[in-house]
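A.B. asks: Sending over a structure as structure tokens; questions will come in a sec.
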Amino acid sequence: MTKTDPGRFFEDYRLGQVIRHAVPRTVAEGERALYHALYPARHALYSSDEFATNCGLEGSPMDDLLAFHVVFGKTVPDVSLNAVANLGYAQGRWLAPVWPGDTLRSESQVIGLKQNSNGTSGVVWVRTQGLNQMDEPVLDYVRWVMVRKRDADAPAPETVVPDLAPVVAPGDLVIPEGLDFSDYDFDLAGEPHRWGDYQIGEKIDHVDGVTIEEAEHMLATRLWQNTAKVHFDATNRDDGRRLIYGGHVISMARALSFNGLANAQMIVALNAGAHANPCFAGDTVRAWSEVLDKADTDAPGVGAIRLRLVATKGDSAALALKDNEGRYLPEVLLDLDCWALMPE
Amino acid sequence: MTKTDPGRFFEDYRLGQVIRHAVPRTVAEGERALYHALYPARHALYSSDEFATNCGLEGSPMDDLLAFHVVFGKTVPDVSLNAVANLGYAQGRWLAPVWPGDTLRSESQVIGLKQNSNGTSGVVWVRTQGLNQMDEPVLDYVRWVMVRKRDADAPAPETVVPDLAPVVAPGDLVIPEGLDFSDYDFDLAGEPHRWGDYQIGEKIDHVDGVTIEEAEHMLATRLWQNTAKVHFDATNRDDGRRLIYGGHVISMARALSFNGLANAQMIVALNAGAHANPCFAGDTVRAWSEVLDKADTDAPGVGAIRLRLVATKGDSAALALKDNEGRYLPEVLLDLDCWALMPE
Amino acid sequence: MTKTDPGRFFEDYRLGQVIRHAVPRTVAEGERALYHALYPARHALYSSDEFATNCGLEGSPMDDLLAFHVVFGKTVPDVSLNAVANLGYAQGRWLAPVWPGDTLRSESQVIGLKQNSNGTSGVVWVRTQGLNQMDEPVLDYVRWVMVRKRDADAPAPETVVPDLAPVVAPGDLVIPEGLDFSDYDFDLAGEPHRWGDYQIGEKIDHVDGVTIEEAEHMLATRLWQNTAKVHFDATNRDDGRRLIYGGHVISMARALSFNGLANAQMIVALNAGAHANPCFAGDTVRAWSEVLDKADTDAPGVGAIRLRLVATKGDSAALALKDNEGRYLPEVLLDLDCWALMPE
């Protein structure tokens with residue numbers, strides 16, 4: 001009997017099944033420092049305890065995307081080890097800040113199954129929850145992946161496609177307890193632009209570019225305990241390159257978006273996301289954003305802004321996303337739709 | 001008078017000599033996070049304070065190998081700066097967990113000397129102890145290295161070869177105070193295999209591979225304050241590559257062994273070890289293990305398992321170690337013999 | 001209206017203007033660990049809480065240069081984003097240790113302006129102060145840069161060139177409160193050489209070399225939240241290389257200087273500094289030092305030593321700095337003049 005884990009295949013998933021993912025993780029000042037070394041992260045709320053305290057929090061929380069990566073990484077051995085493609089995200093919400101010293105674990109429930117017509121693979125929808133050491137949920141999102149079948153002759157499950165809202169409704173956004181932007185310090189945050197300064201439809205070119213090295217994305221992906229072989233094993237490809245974890249591109253783009261969106265401090269919802277094209281070492285990642293929507297919140301001085309965050313490799317001067325036939329342009333790496341919180 | 005340290009030569013060692021190694025080091029959450037970024041480390045006891053507490057510990061200790069590297073690194077300027085070869089390890093035991101915030105220092109005693117027949121070098125055996133800020137030993141091991149002589153005409157010392165047991169006896173293993181695997185959570189640990197599921201002689205292919213970059217092994221080796229020039233200075237070799245610190249390969253192999261040995265939680269003894277072939281950036285490291293022995297312990301639910309941990313570069317499908325003449329196969333990087341603790 | 005920051009141009013600076021730089025940063029154990037991974041840093045006072053306590057401090061402070069990089073990094077978007085050249089440093093003093101958990105921010109005052117004769121650029125002098133969360137200054141230095149003009153026709157400001165002392169007077173050095181080297185442990189520090197053992201004019205070849213990789217200097221430069229594009233974007237140059245942040249070379253040279261200056265524990269003043277030639281990945285950095293001066297201090301057992309710290313790429317066997325015409329030799333990367341504290 002082999003003791004190594006071959007990962008789950010399509011026929012191993014059952015509707016309603018709950019998977020307790022392995023390897024809980026305590027995150028602290030070390031992970032925070034590494035996040036700042038791996039990405040050009042400058043949002044003040046995640047950089048300074050003082051700034052965060054002045055915004056009503058008990059200190060600087062761990063970066064929202066750091067929490068996402070840790071929660072996501074745990075699901076990889078159970079959900080995407082045999083995945084052909086990571087198809088999408090929906091209904092993602094950050095439910096509570098993660099503080100240094102918190103321990104995170106993940107659970108996923110299978111909420112949809114659909115065998116592909118060719119019979120060799122199928123789509124699995126899971127709702128994943130990140131939980132802290134008090135078993136409080138800190139993050140909740142739906143993800144769907146295409147997974148290979150072990151045995152093409154295994155019977156197809158009943159098709160269940162979950163009904164997923166395209167956008168998290170503003171009223172469903174969870175504002176961290178105590179958050180208050182009334183005394184927000186725009187000088188220290190780095191830009192003067194308030195929530196009211198952004199127009200729906202406005203596009204922002206974040207200008208800066210970062211060329212990625214193999215060592216960097218592997219350090220990051222390991223840090224999130226994401227074990228997918230394609231990110232680490234150069235013998236998987238003839239050219240010796242390793243496919244970069246899509247989440248690395250998310251964090252890179254988010255950090256680059258500081259330049260123009262320095263005050264989009266907290267990400268509170270992930271409405272949708274597509275990894276449009278693969279990213280490899282040597283690519284120079286740039287980013288641009290589009291304001292998709294705005295909404296008020298009940299928290300003092302806090303507005304919500306819905307942003308499309310796009311990562312590209314190479315030139316993004318046109319700020320274009322898709323071609324005439326609706327296909328992502330070859331230079332587009334990421335198309336992420338999220339809600340962030342901003343001082344009004 | 002030059003103020004830089006040329007390192008000790010063979011004739012500088014005296015039997016019984018005690019060397020207090022320089023540069024004590026406080027290790028904390030930052031070193032832990034870096035360990036997770038540098039290696040695909042997933043053993044739950046070192047990842048989660050909650051998991052460790054549930055196993056009777058006061059929190060998650062620093063990884064056993066992190067403690068080893070820090071203790072070992074301090075010995076390099078005094079023991080192996082002029083070493084021709086790192087010949088072996090014996091009788092290594094972890095004596096107490098290292099906690100975040102602990103400060104480690106190292107001391108070595110010369111326990112053996114044997115000049116080589118050619119008169120230009122000799123073998124030095126040292127017993128090295130790692131001590132914490134309370135001067136409590138946390139680690140103890142014997143290591144022997146071949147060291148150049150400064151002056152070939154220096155007289156040979158009396159030959160003393162220490163009598164070293166090939167294996168730490170199970171009764172001599174030190175189980176961390178309070179360790180209790182009675183309520184061990186196999187879901188969170190990542191695999192269902194218990195101590196009783198492993199058979200002596202069983203081999204486990206850990207399947208995954210990691211291709212190593214120059215930046216990664218240098219970050220690691222610096223973190224352990226290991227100053228050996230060969231790891232950092234590309235001008236040492238015509239091909240511009242740097243020899244990778246053998247301990248980097250140990251940690252990589254140990255982390256890869258999670259896949260099949262997720263429950264081999266703590267390393268408590270290092271019986272023997274050989275760096276069979278050099279490792280360089282670009283090599284893809286894989287690992288396999290062989291169960292060499294098993295023993296019960298007095299701690300509740302805790303069994304000991306003796307493992308041969310082998311790291312290879314390239315294909316290790318055959319899980320073979322040596323050729324017909326007893327020489328290590330060219331793809332074998334590491335042959336490590338250790339005791340680990342596992343839930344029964 | 002564009003929301004991204006184009007940076008300040010020469011005509012945007014006014015004499016006496018105070019700039020509160022963005023993004024305060026809490027530094028802690030994570031940044032310390034990364035500093036040890038990025039540089040071969042071994043000075044015991046920054047490595048061990050125990051060693052620092054034995055020297056009268058409340059614990060091990062963050063490395064002086066780490067504090068410098070964090071303070072400096074914040075000034076980049078406001079001072080040197082459009083800089084043509086980083087011309088010099090003067091009158092730098094460390095005023096208080098930075099402890100893990102402290103939050104740093106930076107302020108700069110414009111103290112000098114001089115338009116260049118070609119009318120397309122000018123020199124800006126700023127005095128930058130790093131402040132902690134109690135608004136206590138921790139670092140203070142003058143830096144001057146050549147900055148492009150946005151509009152060549154903009155009128156030249158009145159020329160004001162500040163009067164800068166070439167060296168911080170020994171009496172102006174700030175010794176950290178409580179510092180006491182009376183019980184200094186030379187074994188643990190790594191070398192026996194005391195303040196009295198160093199002669200003015202003495203040169204020390206630090207021997208070791210470190211070959212730099214792209215991933216490493218980018219991790220470092222991001223960690224200091226230094227956003228200068230040239231360090232990250234390979235598309236800026238035809239050869240795909242990124243210019244290495246000068247501060248990375250400073251820290252590398254300082255760390256290498258351990259070998260021969262292990263007891264030059266704390267840097268307390270930066271008298272002058274020049275980045276003589278650019279550094280790129282693949283360069284092997286070496287260092288040598290020259291003792292420029294010595295002075296006593298009021299703190300028990302603490303002497304001050306003024307050092308020229310030189311970083312080179314390639315061979316530095318000659319320990320030479322400039323050619324016959326006073327130009328830096330092509331292999332010289334850095335010429336730094338500083339005061340450090342040493343046990344007497």
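FYI, nothing fancy with the structure tokens labels: chains A, B, ... in order, residues from 1 per chain, ligands from 1 as they appear.
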Give as a count of residues only every residue of chain B that touches chain C within 9 Å, counting only C-alpha atoms.
C.D. replies: 44
A.B. asks: Can you tell me which residues surround Pro343 (chain C) at a distance of at most 12 Å, considering only C-alpha atoms, apart from same-chain residues fewer than 2 positions away, and format the answer as a VMD selection string?
C.D. replies: chain C and resid 45 55 179 to 186 189 191 to 198 261 to 266 295 to 297 299 to 305 340 to 341
A.B. asks: Report the closest atom pair, with its distance in Å rounded to one decimal, for each residue of region 89-132 of chain C that has an atom no farther than 9 Å from region 153-176 of chain C; count only C-alpha atoms, sort by chain and then rising residue number, and write it as a Markdown table.
C.D. replies:
```
| residue | atom | partner | partner_atom | distance |
| --- | --- | --- | --- | --- |
| C:Ala90 | CA | C:Leu164 | CA | 6.8 |
| C:Gln91 | CA | C:Val168 | CA | 5.7 |
| C:Gly92 | CA | C:Val168 | CA | 7.6 |
| C:Arg93 | CA | C:Leu173 | CA | 7.0 |
| C:Trp94 | CA | C:Val174 | CA | 6.9 |
| C:Leu95 | CA | C:Val174 | CA | 5.8 |
| C:Ala96 | CA | C:Pro176 | CA | 6.1 |
| C:Pro97 | CA | C:Pro176 | CA | 6.7 |
| C:Ile111 | CA | C:Pro162 | CA | 6.5 |
| C:Gly112 | CA | C:Val160 | CA | 5.0 |
| C:Leu113 | CA | C:Val160 | CA | 5.3 |
| C:Lys114 | CA | C:Thr159 | CA | 4.7 |
| C:Gln115 | CA | C:Ala156 | CA | 6.0 |
| C:Asn116 | CA | C:Ala156 | CA | 9.0 |
| C:Gly119 | CA | C:Asp153 | CA | 7.7 |
| C:Thr120 | CA | C:Asp153 | CA | 8.4 |
| C:Gly122 | CA | C:Ala156 | CA | 8.8 |
| C:Trp125 | CA | C:Pro162 | CA | 7.7 |
```
A.B. asks: Please identify the strand (DSSP E) residues within region 132-334 of chain A (assignment by DSSP from backbone atoms) and present them as a PyMOL selection string.
C.D. replies: chain A and resi 137-148+203-205+210-211+266-275+284-296+302-313+332-334
A.B. asks: Can you tell me, as number ranges by chain, what residues are no more than 8 Å from Leu309 (chain C) when counting only C-alpha atoms, ignoring any on the same chain fewer than 2 positions away?
C.D. replies: C: 253-254, 287-290, 307, 311, 334-338
A.B. asks: With DSSP run on the backbone, what are the alpha helix (DSSP H) residues within region 147-325 of chain B? I'd like them as a list in words.
C.D. replies: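 Of region 147-325 of chain B, the ones in alpha helix (DSSP H) are Phe186, Asp187, Leu188, Ala189, Glu214, Ala215, Glu216, His217, Met218, Leu219, Ala220, Thr221, Arg222, Leu223, Gly246, Gly247, His248, Val249, Ile250, Ser251, Met252, Ala253, Arg254, Ala255, Leu256, Phe258, Asn259, Gly260 and Leu261 of chain B.
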A.B. asks: Would you save the residues of that selection, restricted to N, CA, C and O atoms, as a short mmCIF file (atom, residue, chain, number, x, y, z; two decimals), in the first residue's frame?
C.D. replies:
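What ended up in selection25.cif:
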```
data_model
loop_
_atom_site.label_atom_id
_atom_site.label_comp_id
_atom_site.auth_asym_id
_atom_site.auth_seq_id
_atom_site.Cartn_x
_atom_site.Cartn_y
_atom_site.Cartn_z
N PHE B 186 -5.38 13.18 13.19
CA PHE B 186 -4.77 12.73 11.94
C PHE B 186 -5.24 13.54 10.73
O PHE B 186 -4.49 13.71 9.76
N ASP B 187 -6.48 14.02 10.77
CA ASP B 187 -6.96 14.87 9.67
C ASP B 187 -6.08 16.11 9.54
O ASP B 187 -5.62 16.43 8.45
N LEU B 188 -5.88 16.79 10.63
CA LEU B 188 -5.10 18.03 10.57
C LEU B 188 -3.63 17.75 10.28
O LEU B 188 -2.94 18.58 9.69
N ALA B 189 -3.18 16.59 10.72
CA ALA B 189 -1.77 16.26 10.45
C ALA B 189 -1.54 15.94 8.98
O ALA B 189 -0.44 16.08 8.48
N GLU B 214 19.95 29.38 -6.73
CA GLU B 214 21.07 29.92 -5.95
C GLU B 214 20.58 30.81 -4.81
O GLU B 214 21.07 30.74 -3.68
N ALA B 215 19.61 31.68 -5.11
CA ALA B 215 19.17 32.64 -4.09
C ALA B 215 18.64 31.92 -2.86
O ALA B 215 18.88 32.34 -1.72
N GLU B 216 17.94 30.82 -3.07
CA GLU B 216 17.30 30.13 -1.95
C GLU B 216 18.31 29.52 -0.99
O GLU B 216 18.21 29.68 0.23
N HIS B 217 19.27 28.78 -1.52
CA HIS B 217 20.19 28.11 -0.60
C HIS B 217 21.11 29.12 0.08
O HIS B 217 21.50 28.92 1.23
N MET B 218 21.38 30.23 -0.60
CA MET B 218 22.21 31.25 0.07
C MET B 218 21.42 31.94 1.18
O MET B 218 21.97 32.20 2.25
N LEU B 219 20.15 32.24 0.95
CA LEU B 219 19.33 32.82 2.02
C LEU B 219 19.33 31.89 3.23
O LEU B 219 19.50 32.32 4.37
N ALA B 220 19.15 30.60 2.99
CA ALA B 220 19.08 29.64 4.08
C ALA B 220 20.41 29.57 4.83
O ALA B 220 20.47 29.66 6.06
N THR B 221 21.45 29.44 4.09
CA THR B 221 22.77 29.20 4.70
C THR B 221 23.23 30.43 5.49
O THR B 221 23.82 30.30 6.56
N ARG B 222 22.90 31.62 4.96
CA ARG B 222 23.18 32.83 5.73
C ARG B 222 22.34 32.87 7.00
O ARG B 222 22.82 33.30 8.05
N LEU B 223 21.08 32.45 6.89
CA LEU B 223 20.19 32.50 8.06
C LEU B 223 20.77 31.69 9.21
O LEU B 223 20.60 32.04 10.38
N GLY B 246 25.13 21.22 2.79
CA GLY B 246 24.51 19.91 2.95
C GLY B 246 23.26 19.95 3.80
O GLY B 246 22.31 19.19 3.58
N GLY B 247 23.23 20.84 4.78
CA GLY B 247 22.05 20.95 5.63
C GLY B 247 20.83 21.45 4.88
O GLY B 247 19.69 21.16 5.29
N HIS B 248 21.05 22.20 3.82
CA HIS B 248 19.92 22.63 2.99
C HIS B 248 19.24 21.42 2.36
O HIS B 248 18.01 21.33 2.30
N VAL B 249 20.05 20.48 1.94
CA VAL B 249 19.52 19.25 1.35
C VAL B 249 18.80 18.42 2.41
O VAL B 249 17.74 17.83 2.16
N ILE B 250 19.36 18.40 3.62
CA ILE B 250 18.69 17.66 4.71
C ILE B 250 17.29 18.22 4.94
O ILE B 250 16.29 17.49 4.99
N SER B 251 17.19 19.54 5.07
CA SER B 251 15.88 20.14 5.33
C SER B 251 14.93 19.97 4.16
O SER B 251 13.73 19.77 4.35
N MET B 252 15.45 20.04 2.96
CA MET B 252 14.59 19.86 1.79
C MET B 252 14.03 18.44 1.77
O MET B 252 12.83 18.23 1.56
N ALA B 253 14.90 17.47 2.02
CA ALA B 253 14.46 16.07 2.00
C ALA B 253 13.47 15.80 3.12
O ALA B 253 12.45 15.14 2.93
N ARG B 254 13.77 16.31 4.29
CA ARG B 254 12.87 16.12 5.43
C ARG B 254 11.49 16.70 5.11
O ARG B 254 10.45 16.08 5.37
N ALA B 255 11.45 17.90 4.54
CA ALA B 255 10.16 18.53 4.22
C ALA B 255 9.42 17.73 3.15
O ALA B 255 8.22 17.49 3.25
N LEU B 256 10.15 17.26 2.15
CA LEU B 256 9.51 16.44 1.10
C LEU B 256 8.96 15.14 1.68
O LEU B 256 7.98 14.59 1.16
N PHE B 258 7.23 14.67 4.10
CA PHE B 258 5.86 14.82 4.60
C PHE B 258 4.91 13.91 3.83
O PHE B 258 4.02 13.30 4.41
N ASN B 259 5.11 13.84 2.55
CA ASN B 259 4.23 13.05 1.69
C ASN B 259 4.54 11.56 1.86
O ASN B 259 5.33 10.97 1.12
N GLY B 260 3.94 10.96 2.86
CA GLY B 260 4.18 9.56 3.19
C GLY B 260 4.62 9.38 4.63
O GLY B 260 4.50 8.31 5.20
N LEU B 261 5.16 10.46 5.20
CA LEU B 261 5.61 10.42 6.60
C LEU B 261 5.17 11.68 7.34
O LEU B 261 5.89 12.23 8.16
#
```
